[in-house]
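Shown below: upload27.pdb, with PDB, C-alpha atoms and all ligand atoms.
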```
MODEL        1
ATOM      1  CA  MET H   1      79.206  91.564 108.587
ATOM      2  CA  GLN H   2      78.435  94.251 106.042
ATOM      3  CA  LEU H   3      79.852  97.713 105.595
ATOM      4  CA  TYR H   4      78.091 100.320 103.474
ATOM      5  CA  HIS H   5      80.713 102.902 102.645
ATOM      6  CA  HIS H   6      82.561 104.822  99.954
ATOM      7  CA  PRO H   7      86.252 105.511  99.354
ATOM      8  CA  TYR H   8      85.498 109.289  99.322
ATOM      9  CA  SER H   9      83.815 109.260 102.710
ATOM     10  CA  LEU H  10      86.246 110.217 105.442
ATOM     11  CA  ASP H  11      84.294 108.427 108.159
ATOM     12  CA  SER H  12      84.152 105.309 105.994
ATOM     13  CA  GLN H  13      87.939 105.423 105.698
ATOM     14  CA  LYS H  14      88.249 105.501 109.504
ATOM     15  CA  VAL H  15      86.186 102.338 109.853
ATOM     16  CA  ARG H  16      87.854 100.548 106.947
ATOM     17  CA  LEU H  17      91.296 101.260 108.391
ATOM     18  CA  ALA H  18      90.194  99.852 111.752
ATOM     19  CA  LEU H  19      88.718  96.732 110.144
ATOM     20  CA  GLU H  20      91.911  96.134 108.158
ATOM     21  CA  GLU H  21      94.122  96.742 111.174
ATOM     22  CA  LYS H  22      92.119  94.246 113.226
ATOM     23  CA  GLY H  23      91.974  91.732 110.372
ATOM     24  CA  ILE H  24      88.163  91.594 110.385
ATOM     25  CA  ASP H  25      86.524  90.237 107.268
ATOM     26  CA  TYR H  26      83.367  91.906 105.958
ATOM     27  CA  THR H  27      81.252  92.318 102.856
ATOM     28  CA  SER H  28      81.751  95.690 101.291
ATOM     29  CA  TYR H  29      79.003  97.722  99.600
ATOM     30  CA  HIS H  30      79.918 100.967  97.852
ATOM     31  CA  VAL H  31      77.350 103.754  98.252
ATOM     32  CA  ASN H  32      78.560 106.894  96.479
ATOM     33  CA  PRO H  33      77.136 110.025  98.165
ATOM     34  CA  LEU H  34      78.327 112.214  95.269
ATOM     35  CA  THR H  35      75.984 110.383  92.919
ATOM     36  CA  GLY H  36      73.160 110.363  95.483
ATOM     37  CA  LYS H  37      73.228 106.571  95.972
ATOM     38  CA  ASN H  38      72.796 107.132  99.712
ATOM     39  CA  MET H  39      69.371 108.572  98.918
ATOM     40  CA  ASP H  40      68.074 105.390  97.234
ATOM     41  CA  SER H  41      64.943 104.418  99.131
ATOM     42  CA  LEU H  42      66.223 100.946 100.016
ATOM     43  CA  PHE H  43      69.286 102.365 101.747
ATOM     44  CA  PHE H  44      67.373 105.360 103.089
ATOM     45  CA  ARG H  45      64.776 103.153 104.741
ATOM     46  CA  MET H  46      67.531 101.394 106.664
ATOM     47  CA  ASN H  47      69.404 104.635 107.371
ATOM     48  CA  PRO H  48      67.255 107.813 107.251
ATOM     49  CA  SER H  49      70.276 110.024 107.963
ATOM     50  CA  ALA H  50      71.683 108.778 104.602
ATOM     51  CA  ARG H  51      75.127 109.184 106.134
ATOM     52  CA  LEU H  52      78.033 106.825 105.700
ATOM     53  CA  PRO H  53      79.339 104.458 106.869
ATOM     54  CA  VAL H  54      76.757 101.972 108.118
ATOM     55  CA  PHE H  55      77.930  98.757 109.732
ATOM     56  CA  GLN H  56      75.712  95.714 110.016
ATOM     57  CA  ASN H  57      76.277  92.532 111.939
ATOM     58  CA  GLY H  58      73.117  90.434 111.744
ATOM     59  CA  ALA H  59      70.302  92.390 113.316
ATOM     60  CA  HIS H  60      72.789  94.840 114.798
ATOM     61  CA  ILE H  61      73.064  98.026 112.704
ATOM     62  CA  LEU H  62      75.333 100.911 113.651
ATOM     63  CA  TYR H  63      75.265 104.378 112.086
ATOM     64  CA  ARG H  64      77.726 106.455 114.097
ATOM     65  CA  THR H  65      81.423 106.154 113.343
ATOM     66  CA  MET H  66      82.364 106.240 117.035
ATOM     67  CA  ASP H  67      79.906 103.441 117.806
ATOM     68  CA  ILE H  68      81.244 101.353 114.941
ATOM     69  CA  MET H  69      84.848 101.833 116.046
ATOM     70  CA  GLN H  70      84.012 100.758 119.594
ATOM     71  CA  TYR H  71      82.001  97.811 118.334
ATOM     72  CA  ILE H  72      84.957  96.660 116.217
ATOM     73  CA  ASP H  73      87.147  96.859 119.280
ATOM     74  CA  ARG H  74      84.661  94.820 121.308
ATOM     75  CA  LEU H  75      84.548  92.200 118.545
ATOM     76  CA  ILE H  76      88.256  91.721 119.091
ATOM     77  CA  VAL H  77      87.834  91.508 122.860
ATOM     78  CA  ALA H  78      85.220  88.831 122.382
ATOM     79  CA  SER H  79      87.542  86.817 120.183
ATOM     80  CA  THR H  80      90.754  87.085 122.217
ATOM     81  CA  GLU H  81      91.820  85.709 125.554
ATOM     82  CA  ASP H  82      93.814  88.764 126.410
ATOM     83  CA  ASP H  83      91.237  91.463 127.212
ATOM     84  CA  ALA H  84      93.873  93.979 128.190
ATOM     85  CA  THR H  85      95.116  94.292 124.621
ATOM     86  CA  ALA H  86      91.772  95.219 123.149
ATOM     87  CA  ILE H  87      89.853  97.510 125.501
ATOM     88  CA  ILE H  88      90.032 101.113 124.360
ATOM     89  CA  SER H  89      92.087 103.063 126.890
ATOM     90  CA  ARG H  90      91.154 106.512 128.137
ATOM     91  CA  SER H  91      93.856 108.257 126.100
ATOM     92  CA  VAL H  92      92.832 106.459 122.898
ATOM     93  CA  MET H  93      89.218 107.396 123.575
ATOM     94  CA  ASP H  94      90.155 111.045 124.209
ATOM     95  CA  TRP H  95      91.883 111.217 120.840
ATOM     96  CA  MET H  96      89.014 109.463 119.095
ATOM     97  CA  GLU H  97      86.541 111.965 120.522
ATOM     98  CA  LYS H  98      88.737 114.895 119.597
ATOM     99  CA  ILE H  99      89.091 113.682 115.998
ATOM    100  CA  ASP H 100      85.380 112.886 115.770
ATOM    101  CA  GLY H 101      84.675 116.434 116.969
ATOM    102  CA  TRP H 102      85.995 117.889 113.721
ATOM    103  CA  ASN H 103      83.398 117.664 110.963
ATOM    104  CA  PRO H 104      85.200 117.656 107.601
ATOM    105  CA  LYS H 105      82.156 118.674 105.551
ATOM    106  CA  ILE H 106      82.462 122.473 105.548
ATOM    107  CA  PHE H 107      86.260 122.368 105.289
ATOM    108  CA  THR H 108      86.134 119.999 102.314
ATOM    109  CA  LEU H 109      83.366 121.776 100.435
ATOM    110  CA  SER H 110      84.935 125.190 100.983
ATOM    111  CA  HIS H 111      87.986 123.949  99.076
ATOM    112  CA  VAL H 112      86.053 122.583  96.116
ATOM    113  CA  PRO H 113      85.672 125.143  93.279
ATOM    114  CA  ASP H 114      82.169 126.685  93.345
ATOM    115  CA  LYS H 115      81.403 125.460  89.838
ATOM    116  CA  TYR H 116      81.757 121.762  90.754
ATOM    117  CA  ARG H 117      80.298 122.110  94.230
ATOM    118  CA  LEU H 118      77.149 123.815  93.021
ATOM    119  CA  PHE H 119      76.750 121.297  90.210
ATOM    120  CA  ILE H 120      76.905 118.351  92.634
ATOM    121  CA  SER H 121      74.732 120.083  95.222
ATOM    122  CA  ARG H 122      72.040 120.790  92.589
ATOM    123  CA  PHE H 123      72.294 117.204  91.351
ATOM    124  CA  ILE H 124      71.837 115.784  94.875
ATOM    125  CA  ARG H 125      68.845 118.017  95.551
ATOM    126  CA  ARG H 126      67.242 116.738  92.357
ATOM    127  CA  VAL H 127      67.938 113.144  93.419
ATOM    128  CA  ILE H 128      66.282 113.757  96.808
ATOM    129  CA  ILE H 129      63.193 115.246  95.159
ATOM    130  CA  ALA H 130      62.965 112.334  92.716
ATOM    131  CA  ARG H 131      63.322 109.741  95.505
ATOM    132  CA  MET H 132      60.715 111.579  97.555
ATOM    133  CA  ALA H 133      58.250 111.181  94.683
ATOM    134  CA  GLU H 134      59.037 107.456  94.482
ATOM    135  CA  ALA H 135      58.583 106.892  98.214
ATOM    136  CA  PRO H 136      56.102 109.495  99.509
ATOM    137  CA  GLU H 137      55.894 107.739 102.886
ATOM    138  CA  LEU H 138      59.526 108.843 103.444
ATOM    139  CA  ALA H 139      58.859 112.437 102.359
ATOM    140  CA  SER H 140      59.322 113.992 105.781
ATOM    141  CA  VAL H 141      62.764 112.404 106.224
ATOM    142  CA  TYR H 142      63.794 113.291 102.669
ATOM    143  CA  HIS H 143      62.743 116.855 103.510
ATOM    144  CA  VAL H 144      65.264 116.878 106.352
ATOM    145  CA  LYS H 145      68.016 115.993 103.861
ATOM    146  CA  LEU H 146      66.831 118.683 101.471
ATOM    147  CA  ARG H 147      66.920 121.276 104.229
ATOM    148  CA  ASP H 148      70.371 119.992 105.174
ATOM    149  CA  ALA H 149      71.606 120.584 101.632
ATOM    150  CA  TYR H 150      70.333 124.195 101.615
ATOM    151  CA  GLU H 151      71.745 124.835 105.077
ATOM    152  CA  THR H 152      75.164 123.573 103.983
ATOM    153  CA  GLU H 153      75.125 126.038 101.066
ATOM    154  CA  ASP H 154      74.256 128.860 103.502
ATOM    155  CA  LYS H 155      77.037 127.843 105.885
ATOM    156  CA  LEU H 156      79.543 127.903 103.039
ATOM    157  CA  LYS H 157      78.609 131.520 102.349
ATOM    158  CA  ASN H 158      79.393 132.387 105.974
ATOM    159  CA  ALA H 159      83.128 133.166 106.189
ATOM    160  CA  GLU H 160      83.060 132.863 109.997
ATOM    161  CA  ILE H 161      81.781 129.247 109.890
ATOM    162  CA  VAL H 162      84.389 128.299 107.284
ATOM    163  CA  LYS H 163      87.120 129.933 109.382
ATOM    164  CA  GLN H 164      85.960 128.103 112.526
ATOM    165  CA  SER H 165      86.245 124.769 110.734
ATOM    166  CA  GLU H 166      89.785 125.597 109.557
ATOM    167  CA  GLU H 167      90.802 126.715 113.023
ATOM    168  CA  LYS H 168      89.406 123.571 114.621
ATOM    169  CA  LEU H 169      91.418 121.452 112.210
ATOM    170  CA  ALA H 170      94.555 123.502 112.910
ATOM    171  CA  ARG H 171      94.076 122.993 116.666
ATOM    172  CA  LEU H 172      93.652 119.249 116.203
ATOM    173  CA  LEU H 173      96.831 119.126 114.133
ATOM    174  CA  ASP H 174      98.742 121.255 116.651
ATOM    175  CA  ASP H 175      97.743 118.879 119.458
ATOM    176  CA  ALA H 176      98.777 115.897 117.351
ATOM    177  CA  GLU H 177     102.119 117.541 116.551
ATOM    178  CA  LEU H 178     102.791 117.990 120.285
ATOM    179  CA  GLN H 179     101.845 114.400 121.020
ATOM    180  CA  LEU H 180     103.890 112.955 118.154
ATOM    181  CA  ASN H 181     106.881 114.803 119.527
ATOM    182  CA  GLN H 182     106.668 112.466 122.510
ATOM    183  CA  THR H 183     105.345 109.194 121.117
ATOM    184  CA  PRO H 184     105.483 107.505 117.688
ATOM    185  CA  TYR H 185     101.687 107.121 117.521
ATOM    186  CA  LEU H 186      98.840 109.309 118.703
ATOM    187  CA  ALA H 187      98.086 107.462 121.907
ATOM    188  CA  GLY H 188     101.505 106.054 122.700
ATOM    189  CA  GLU H 189     103.976 103.474 121.487
ATOM    190  CA  ASP H 190     101.499 101.452 119.425
ATOM    191  CA  PHE H 191      99.150 102.034 116.530
ATOM    192  CA  THR H 192      95.585 102.278 117.899
ATOM    193  CA  MET H 193      92.019 103.134 116.894
ATOM    194  CA  ALA H 194      92.994 106.791 117.382
ATOM    195  CA  ASP H 195      95.431 106.484 114.474
ATOM    196  CA  SER H 196      92.797 104.761 112.337
ATOM    197  CA  MET H 197      90.650 107.844 112.890
ATOM    198  CA  PHE H 198      93.403 110.392 112.346
ATOM    199  CA  ILE H 199      94.980 109.116 109.111
ATOM    200  CA  PRO H 200      91.863 109.850 106.981
ATOM    201  CA  VAL H 201      92.026 113.474 108.163
ATOM    202  CA  LEU H 202      95.552 113.682 106.744
ATOM    203  CA  ALA H 203      94.448 111.909 103.569
ATOM    204  CA  ARG H 204      91.657 114.482 103.120
ATOM    205  CA  ILE H 205      94.188 117.311 103.413
ATOM    206  CA  THR H 206      96.285 115.598 100.735
ATOM    207  CA  LEU H 207      93.281 115.093  98.468
ATOM    208  CA  LEU H 208      92.484 118.794  98.679
ATOM    209  CA  GLY H 209      96.091 119.704  97.812
ATOM    210  CA  LEU H 210      96.678 121.392 101.178
ATOM    211  CA  GLU H 211      99.668 119.406 102.462
ATOM    212  CA  GLU H 212     102.020 122.420 102.487
ATOM    213  CA  GLU H 213      99.710 124.502 104.630
ATOM    214  CA  TYR H 214      98.573 121.835 107.092
ATOM    215  CA  ILE H 215     101.021 118.912 107.109
ATOM    216  CA  ASN H 216     104.491 119.840 105.899
ATOM    217  CA  CYS H 217     104.733 122.748 108.320
ATOM    218  CA  ARG H 218     104.297 120.232 111.168
ATOM    219  CA  PRO H 219     107.413 118.019 110.913
ATOM    220  CA  ARG H 220     106.278 115.347 113.414
ATOM    221  CA  ILE H 221     102.990 114.831 111.605
ATOM    222  CA  ALA H 222     104.775 114.794 108.234
ATOM    223  CA  LYS H 223     107.112 112.053 109.489
ATOM    224  CA  TYR H 224     104.262 110.071 111.082
ATOM    225  CA  TYR H 225     102.235 110.333 107.871
ATOM    226  CA  LYS H 226     105.115 108.858 105.861
ATOM    227  CA  VAL H 227     105.366 105.934 108.288
ATOM    228  CA  VAL H 228     101.646 105.107 108.507
ATOM    229  CA  LYS H 229     101.226 105.279 104.726
ATOM    230  CA  ARG H 230     103.459 102.208 104.542
ATOM    231  CA  ARG H 231     100.960 100.101 106.503
ATOM    232  CA  PRO H 232      98.982  97.553 104.483
ATOM    233  CA  SER H 233      95.746  98.897 106.010
ATOM    234  CA  TYR H 234      96.405 102.336 104.512
ATOM    235  CA  LYS H 235      97.019 100.840 101.096
ATOM    236  CA  VAL H 236      93.768  98.856 101.179
ATOM    237  CA  ALA H 237      91.494 101.525 102.660
ATOM    238  CA  ILE H 238      92.923 104.717 101.124
ATOM    239  CA  GLY H 239      96.076 104.394  99.017
ATOM    240  CA  LYS H 240      94.464 102.055  96.526
ATOM    241  CA  TYR H 241      91.969 104.745  95.527
ATOM    242  CA  PHE H 242      93.966 107.913  95.844
ATOM    243  CA  SER H 243      97.614 107.349  94.972
ATOM    244  CA  GLY H 244      98.862 108.692  91.640
ATOM    245  CA  TRP H 245      96.591 108.207  88.636
ATOM    246  CA  ARG H 246      94.068 106.147  90.648
ATOM    247  CA  LYS H 247      92.951 109.349  92.334
ATOM    248  CA  TYR H 248      91.749 110.545  88.918
ATOM    249  CA  ARG H 249      90.151 107.197  88.094
ATOM    250  CA  THR H 250      88.025 107.286  91.278
ATOM    251  CA  LEU H 251      87.000 110.863  90.539
ATOM    252  CA  LEU H 252      86.475 110.204  86.842
ATOM    253  CA  LYS H 253      84.014 107.391  87.544
ATOM    254  CA  THR H 254      81.871 109.786  89.587
ATOM    255  CA  LEU H 255      82.149 112.611  87.064
ATOM    256  CA  CYS H 256      81.253 110.284  84.178
ATOM    257  CA  PHE H 257      78.160 109.135  86.040
ATOM    258  CA  LEU H 258      77.117 112.721  86.770
ATOM    259  CA  GLY H 259      77.900 113.839  83.200
ATOM    260  CA  VAL H 260      75.814 111.049  81.661
ATOM    261  CA  ARG H 261      72.944 111.726  84.078
ATOM    262  CA  ASN H 262      73.073 115.411  83.215
ATOM    263  CA  MET H 263      73.068 114.656  79.493
ATOM    264  CA  ILE H 264      70.075 112.304  79.848
ATOM    265  CA  ARG H 265      68.193 114.994  81.759
ATOM    266  CA  LYS H 266      68.905 117.580  79.069
ATOM    267  CA  VAL H 267      67.742 115.172  76.340
ATOM    268  CA  GLN H 268      64.590 114.429  78.367
ATOM    269  CA  GLN H 269      63.945 118.173  78.731
ATOM    270  CA  CYS H 270      64.388 118.680  74.976
ATOM    271  CA  VAL H 271      62.091 115.756  74.152
ATOM    272  CA  GLY H 272      59.535 116.947  76.693
ATOM    273  CA  ALA H 273      59.685 120.547  75.397
TER     274      ALA H 273
HETATM  275  N1  LIG E 301      76.975 108.755 110.970
HETATM  276  C1  LIG E 301      78.220 109.345 110.806
HETATM  277  C2  LIG E 301      78.121 110.619 110.006
HETATM  278  C3  LIG E 301      79.055 110.475 108.943
HETATM  279  C4  LIG E 301      78.977 111.483 107.833
HETATM  280  O1  LIG E 301      78.683 112.664 108.007
HETATM  281  N2  LIG E 301      79.234 110.928 106.666
HETATM  282  C5  LIG E 301      79.304 111.699 105.448
HETATM  283  C6  LIG E 301      80.468 111.152 104.630
HETATM  284  S1  LIG E 301      81.996 111.139 105.542
HETATM  285  C7  LIG E 301      78.060 111.466 104.631
HETATM  286  O2  LIG E 301      77.577 110.365 104.562
HETATM  287  N3  LIG E 301      77.510 112.498 104.003
HETATM  288  C8  LIG E 301      76.374 112.372 103.138
HETATM  289  C9  LIG E 301      75.165 113.092 103.668
HETATM  290  O3  LIG E 301      75.254 113.751 104.726
HETATM  291  O4  LIG E 301      74.133 113.026 102.992
HETATM  292  C10 LIG E 301      78.914 109.602 112.109
HETATM  293  O5  LIG E 301      78.287 109.832 113.114
HETATM  294  O6  LIG E 301      80.102 109.571 112.128
ENDMDL
END
```
I need this file expressed as structure tokens, please.
Ligand SMILES: N[C@@H](CCC(=O)N[C@@H](CS)C(=O)NCC(=O)O)C(=O)O
Amino acid sequence: MQLYHHPYSLDSQKVRLALEEKGIDYTSYHVNPLTGKNMDSLFFRMNPSARLPVFQNGAHILYRTMDIMQYIDRLIVASTEDDATAIISRSVMDWMEKIDGWNPKIFTLSHVPDKYRLFISRFIRRVIIARMAEAPELASVYHVKLRDAYETEDKLKNAEIVKQSEEKLARLLDDAELQLNQTPYLAGEDFTMADSMFIPVLARITLLGLEEEYINCRPRIAKYYKVVKRRPSYKVAIGKYFSGWRKYRTLLKTLCFLGVRNMIRKVQQCVGA
């Protein structure tokens, strides 16, 4: 089994947590969307949405996080005698759908300083155009991604869209706070797929430095977050990349790559001029 993912991708974190929790072994391929690696024609041919994560088991390729999560659960069913322990229950599924219903893109980008966001957005648009020239037969699908990038910039200028995304997150967190007042985990007494999907949302809030506003004011979530961060799965899928100085190392690697690329481009422009 192969997983194409990146530590920065929130949906990738959901799947990696689930795989760790279930003890499923897989080959990991990093595809950094911030450096446009998801636009490389080889990956793009397999996955024209260019979105992460992608899960492959032989000829079976899955592109939607919800599908991957359910597939992982079915893998466990197939390998255990006790079906009852592995089939996703209605309440777990309800939480998974609710969490999946919040798209972190606008929320995340609206909290990144304009200077960096515009730099990366411009860089990715250039990557798409370059890849389009290399693989003209994929031009129409690359065009969709280009349009996507412009549309995202437009959405970020629309205060109402940004507010809606914040409000949707706040509602999700309020519901979770109510639930965690009654049970230790989102869907009951045990850690489930719903928790694997929820923890990356909390980790994203932390990464953006918004814990005070979104987590600490909700005491049940704050307590739950402390508990789940002690799980080995959290350490492998998230903590390893984002705790303490490692957070800067992960970011630095991306920034170095972008900086060097930018420098090369400027040199090429000078030489060409
Ligand atoms: N196929 C995914 C979509 C996941 C998604 O939007 N992934 C983001 C990272 S968390 C991504 O790959 N963005 C890069 C892009 O849209 O080009 C799903 O249905 O859950």
Near-ligand residues for ligand LIG 301 (chain E), threshold 10 Å, only C-alpha atoms and all ligand atoms, as an mmCIF file with C-alpha atoms, keeping the file's coordinate frame:
```cif
data_model
loop_
_atom_site.group_PDB
_atom_site.id
_atom_site.type_symbol
_atom_site.label_atom_id
_atom_site.label_comp_id
_atom_site.auth_asym_id
_atom_site.auth_seq_id
_atom_site.Cartn_x
_atom_site.Cartn_y
_atom_site.Cartn_z
ATOM 1 C CA HIS H 5 80.713 102.902 102.645
ATOM 2 C CA HIS H 6 82.561 104.822 99.954
ATOM 3 C CA PRO H 7 86.252 105.511 99.354
ATOM 4 C CA TYR H 8 85.498 109.289 99.322
ATOM 5 C CA SER H 9 83.815 109.260 102.710
ATOM 6 C CA LEU H 10 86.246 110.217 105.442
ATOM 7 C CA ASP H 11 84.294 108.427 108.159
ATOM 8 C CA SER H 12 84.152 105.309 105.994
ATOM 9 C CA GLN H 13 87.939 105.423 105.698
ATOM 10 C CA LYS H 14 88.249 105.501 109.504
ATOM 11 C CA VAL H 15 86.186 102.338 109.853
ATOM 12 C CA VAL H 31 77.350 103.754 98.252
ATOM 13 C CA ASN H 32 78.560 106.894 96.479
ATOM 14 C CA PRO H 33 77.136 110.025 98.165
ATOM 15 C CA LEU H 34 78.327 112.214 95.269
ATOM 16 C CA GLY H 36 73.160 110.363 95.483
ATOM 17 C CA LYS H 37 73.228 106.571 95.972
ATOM 18 C CA ASN H 38 72.796 107.132 99.712
ATOM 19 C CA MET H 39 69.371 108.572 98.918
ATOM 20 C CA ASN H 47 69.404 104.635 107.371
ATOM 21 C CA PRO H 48 67.255 107.813 107.251
ATOM 22 C CA SER H 49 70.276 110.024 107.963
ATOM 23 C CA ALA H 50 71.683 108.778 104.602
ATOM 24 C CA ARG H 51 75.127 109.184 106.134
ATOM 25 C CA LEU H 52 78.033 106.825 105.700
ATOM 26 C CA PRO H 53 79.339 104.458 106.869
ATOM 27 C CA VAL H 54 76.757 101.972 108.118
ATOM 28 C CA LEU H 62 75.333 100.911 113.651
ATOM 29 C CA TYR H 63 75.265 104.378 112.086
ATOM 30 C CA ARG H 64 77.726 106.455 114.097
ATOM 31 C CA THR H 65 81.423 106.154 113.343
ATOM 32 C CA MET H 66 82.364 106.240 117.035
ATOM 33 C CA ASP H 67 79.906 103.441 117.806
ATOM 34 C CA ILE H 68 81.244 101.353 114.941
ATOM 35 C CA MET H 69 84.848 101.833 116.046
ATOM 36 C CA ASP H 100 85.380 112.886 115.770
ATOM 37 C CA GLY H 101 84.675 116.434 116.969
ATOM 38 C CA ASN H 103 83.398 117.664 110.963
ATOM 39 C CA PRO H 104 85.200 117.656 107.601
ATOM 40 C CA LYS H 105 82.156 118.674 105.551
ATOM 41 C CA ILE H 124 71.837 115.784 94.875
ATOM 42 C CA LYS H 145 68.016 115.993 103.861
ATOM 43 C CA LEU H 146 66.831 118.683 101.471
ATOM 44 C CA ASP H 148 70.371 119.992 105.174
ATOM 45 C CA ALA H 149 71.606 120.584 101.632
ATOM 46 C CA THR H 152 75.164 123.573 103.983
#
```
As an exercise, work out the distance from atom CA of H:Leu186 to atom CA of H:Lys235 in Å and give it to one decimal place.
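Distance reported for this atom pair: 19.6 Å.
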What are the centre and the three edge lengths of an axis-aligned box that wraps all atoms of stretch 221-232 of chain H in the file, given that 5 Å is added to every side, written as AutoDock Vina command-line options and rounded to one decimal in Å?
```
--center_x 103.0 --center_y 106.2 --center_z 108.0 --size_x 18.1 --size_y 27.3 --size_z 17.1
```
Mind checking which residues fall within 10 Å of H:Ala18, counting only C-alpha atoms, ignoring those fewer than 4 positions away in the same chain, and posting them as a list of chain:residue names?
H:Ser12, H:Gln13, H:Lys14, H:Lys22, H:Gly23, H:Ile24, H:Ile68, H:Met69, H:Ile72, H:Asp73, H:Thr192, H:Met193, H:Ala194, H:Asp195, H:Ser196, H:Met197, H:Ser233, H:Tyr234, H:Ala237
By how many Å are atom CA of H:Arg147 and atom CA of H:Ile128 apart?
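So the two atoms, atom CA of H:Arg147 and atom CA of H:Ile128, lie 10.6 Å apart.
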Compile the contact shell of H:Ala139 as a ChimeraX atom specification: residues with an atom at most 12 Å away, counting all atoms listed in the file, same-chain residues fewer than 3 positions apart removed.
/H:39,41,44-45,48,128-136,142-146
Calculated over only C-alpha atoms, which of the candidates H:Phe242, H:Phe198, H:Tyr4, H:Tyr71 has the smallest distance to H:Ser28?
H:Tyr4
Report as a PDB file with C-alpha atoms, in the frame of the given file the full result of the PyMOL selection byres (((chain H and resi 161-164) around 12) and not hetatm) when it is applied to this structure.
```
ATOM      1  CA  TRP H 102      85.995 117.889 113.721  1.00  0.00           C
ATOM      2  CA  ASN H 103      83.398 117.664 110.963  1.00  0.00           C
ATOM      3  CA  PRO H 104      85.200 117.656 107.601  1.00  0.00           C
ATOM      4  CA  LYS H 105      82.156 118.674 105.551  1.00  0.00           C
ATOM      5  CA  ILE H 106      82.462 122.473 105.548  1.00  0.00           C
ATOM      6  CA  PHE H 107      86.260 122.368 105.289  1.00  0.00           C
ATOM      7  CA  THR H 108      86.134 119.999 102.314  1.00  0.00           C
ATOM      8  CA  LEU H 109      83.366 121.776 100.435  1.00  0.00           C
ATOM      9  CA  SER H 110      84.935 125.190 100.983  1.00  0.00           C
ATOM     10  CA  HIS H 111      87.986 123.949  99.076  1.00  0.00           C
ATOM     11  CA  GLU H 151      71.745 124.835 105.077  1.00  0.00           C
ATOM     12  CA  THR H 152      75.164 123.573 103.983  1.00  0.00           C
ATOM     13  CA  GLU H 153      75.125 126.038 101.066  1.00  0.00           C
ATOM     14  CA  ASP H 154      74.256 128.860 103.502  1.00  0.00           C
ATOM     15  CA  LYS H 155      77.037 127.843 105.885  1.00  0.00           C
ATOM     16  CA  LEU H 156      79.543 127.903 103.039  1.00  0.00           C
ATOM     17  CA  LYS H 157      78.609 131.520 102.349  1.00  0.00           C
ATOM     18  CA  ASN H 158      79.393 132.387 105.974  1.00  0.00           C
ATOM     19  CA  ALA H 159      83.128 133.166 106.189  1.00  0.00           C
ATOM     20  CA  GLU H 160      83.060 132.863 109.997  1.00  0.00           C
ATOM     21  CA  SER H 165      86.245 124.769 110.734  1.00  0.00           C
ATOM     22  CA  GLU H 166      89.785 125.597 109.557  1.00  0.00           C
ATOM     23  CA  GLU H 167      90.802 126.715 113.023  1.00  0.00           C
ATOM     24  CA  LYS H 168      89.406 123.571 114.621  1.00  0.00           C
ATOM     25  CA  LEU H 169      91.418 121.452 112.210  1.00  0.00           C
ATOM     26  CA  ALA H 170      94.555 123.502 112.910  1.00  0.00           C
ATOM     27  CA  ARG H 171      94.076 122.993 116.666  1.00  0.00           C
TER      28      ARG H 171
END
```
Picked residues, the PyMOL selection byres (((chain H and resi 177) around 8) and not hetatm), as an MDAnalysis selection string:
chainID H and resid 173:176 178:181 218:221
Just the selected residues (C-alpha atoms), exported as a PDB file, in the frame of the given file, please.
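Saved as part16.pdb:
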```pdb
ATOM      1  CA  LEU H 173      96.831 119.126 114.133  1.00  0.00           C
ATOM      2  CA  ASP H 174      98.742 121.255 116.651  1.00  0.00           C
ATOM      3  CA  ASP H 175      97.743 118.879 119.458  1.00  0.00           C
ATOM      4  CA  ALA H 176      98.777 115.897 117.351  1.00  0.00           C
ATOM      5  CA  LEU H 178     102.791 117.990 120.285  1.00  0.00           C
ATOM      6  CA  GLN H 179     101.845 114.400 121.020  1.00  0.00           C
ATOM      7  CA  LEU H 180     103.890 112.955 118.154  1.00  0.00           C
ATOM      8  CA  ASN H 181     106.881 114.803 119.527  1.00  0.00           C
ATOM      9  CA  ARG H 218     104.297 120.232 111.168  1.00  0.00           C
ATOM     10  CA  PRO H 219     107.413 118.019 110.913  1.00  0.00           C
ATOM     11  CA  ARG H 220     106.278 115.347 113.414  1.00  0.00           C
ATOM     12  CA  ILE H 221     102.990 114.831 111.605  1.00  0.00           C
TER      13      ILE H 221
END
```
Care to translate the PyMOL selection byres (((chain H and resi 239) around 12) and not hetatm) into actual residues of this file, as a ChimeraX atom specification?
/H:7-8,13,17,199-200,203-204,206-207,228-238,240-247,250
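Atom CA of H:His60 lies 22.5 Å from atom CA of H:Met93.
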Among listed residues H:Ile88, H:Val141, H:Leu3, H:Ile61, nearest H:His30 (using only C-alpha atoms)
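Among H:Ile88, H:Val141, H:Leu3, H:Ile61, it is H:Leu3 that comes nearest to H:His30.
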Would you kindly place N, CA and C atoms on stretch 95-100 of chain H and return the model as a CSV table (one decimal), in the frame of the given file?
```csv
chain,number,residue,atom,x,y,z
H,95,TRP,N,91.5,110.8,122.2
H,95,TRP,CA,91.9,111.2,120.8
H,95,TRP,C,90.8,110.9,119.8
H,96,MET,N,90.1,109.8,120.0
H,96,MET,CA,89.0,109.5,119.1
H,96,MET,C,87.9,110.5,119.2
H,97,GLU,N,87.6,111.0,120.4
H,97,GLU,CA,86.5,112.0,120.5
H,97,GLU,C,87.0,113.3,119.9
H,98,LYS,N,88.2,113.6,120.1
H,98,LYS,CA,88.7,114.9,119.6
H,98,LYS,C,88.7,114.9,118.1
H,99,ILE,N,89.1,113.8,117.5
H,99,ILE,CA,89.1,113.7,116.0
H,99,ILE,C,87.7,113.7,115.5
H,100,ASP,N,86.8,113.0,116.2
H,100,ASP,CA,85.4,112.9,115.8
H,100,ASP,C,84.7,114.3,115.9
```
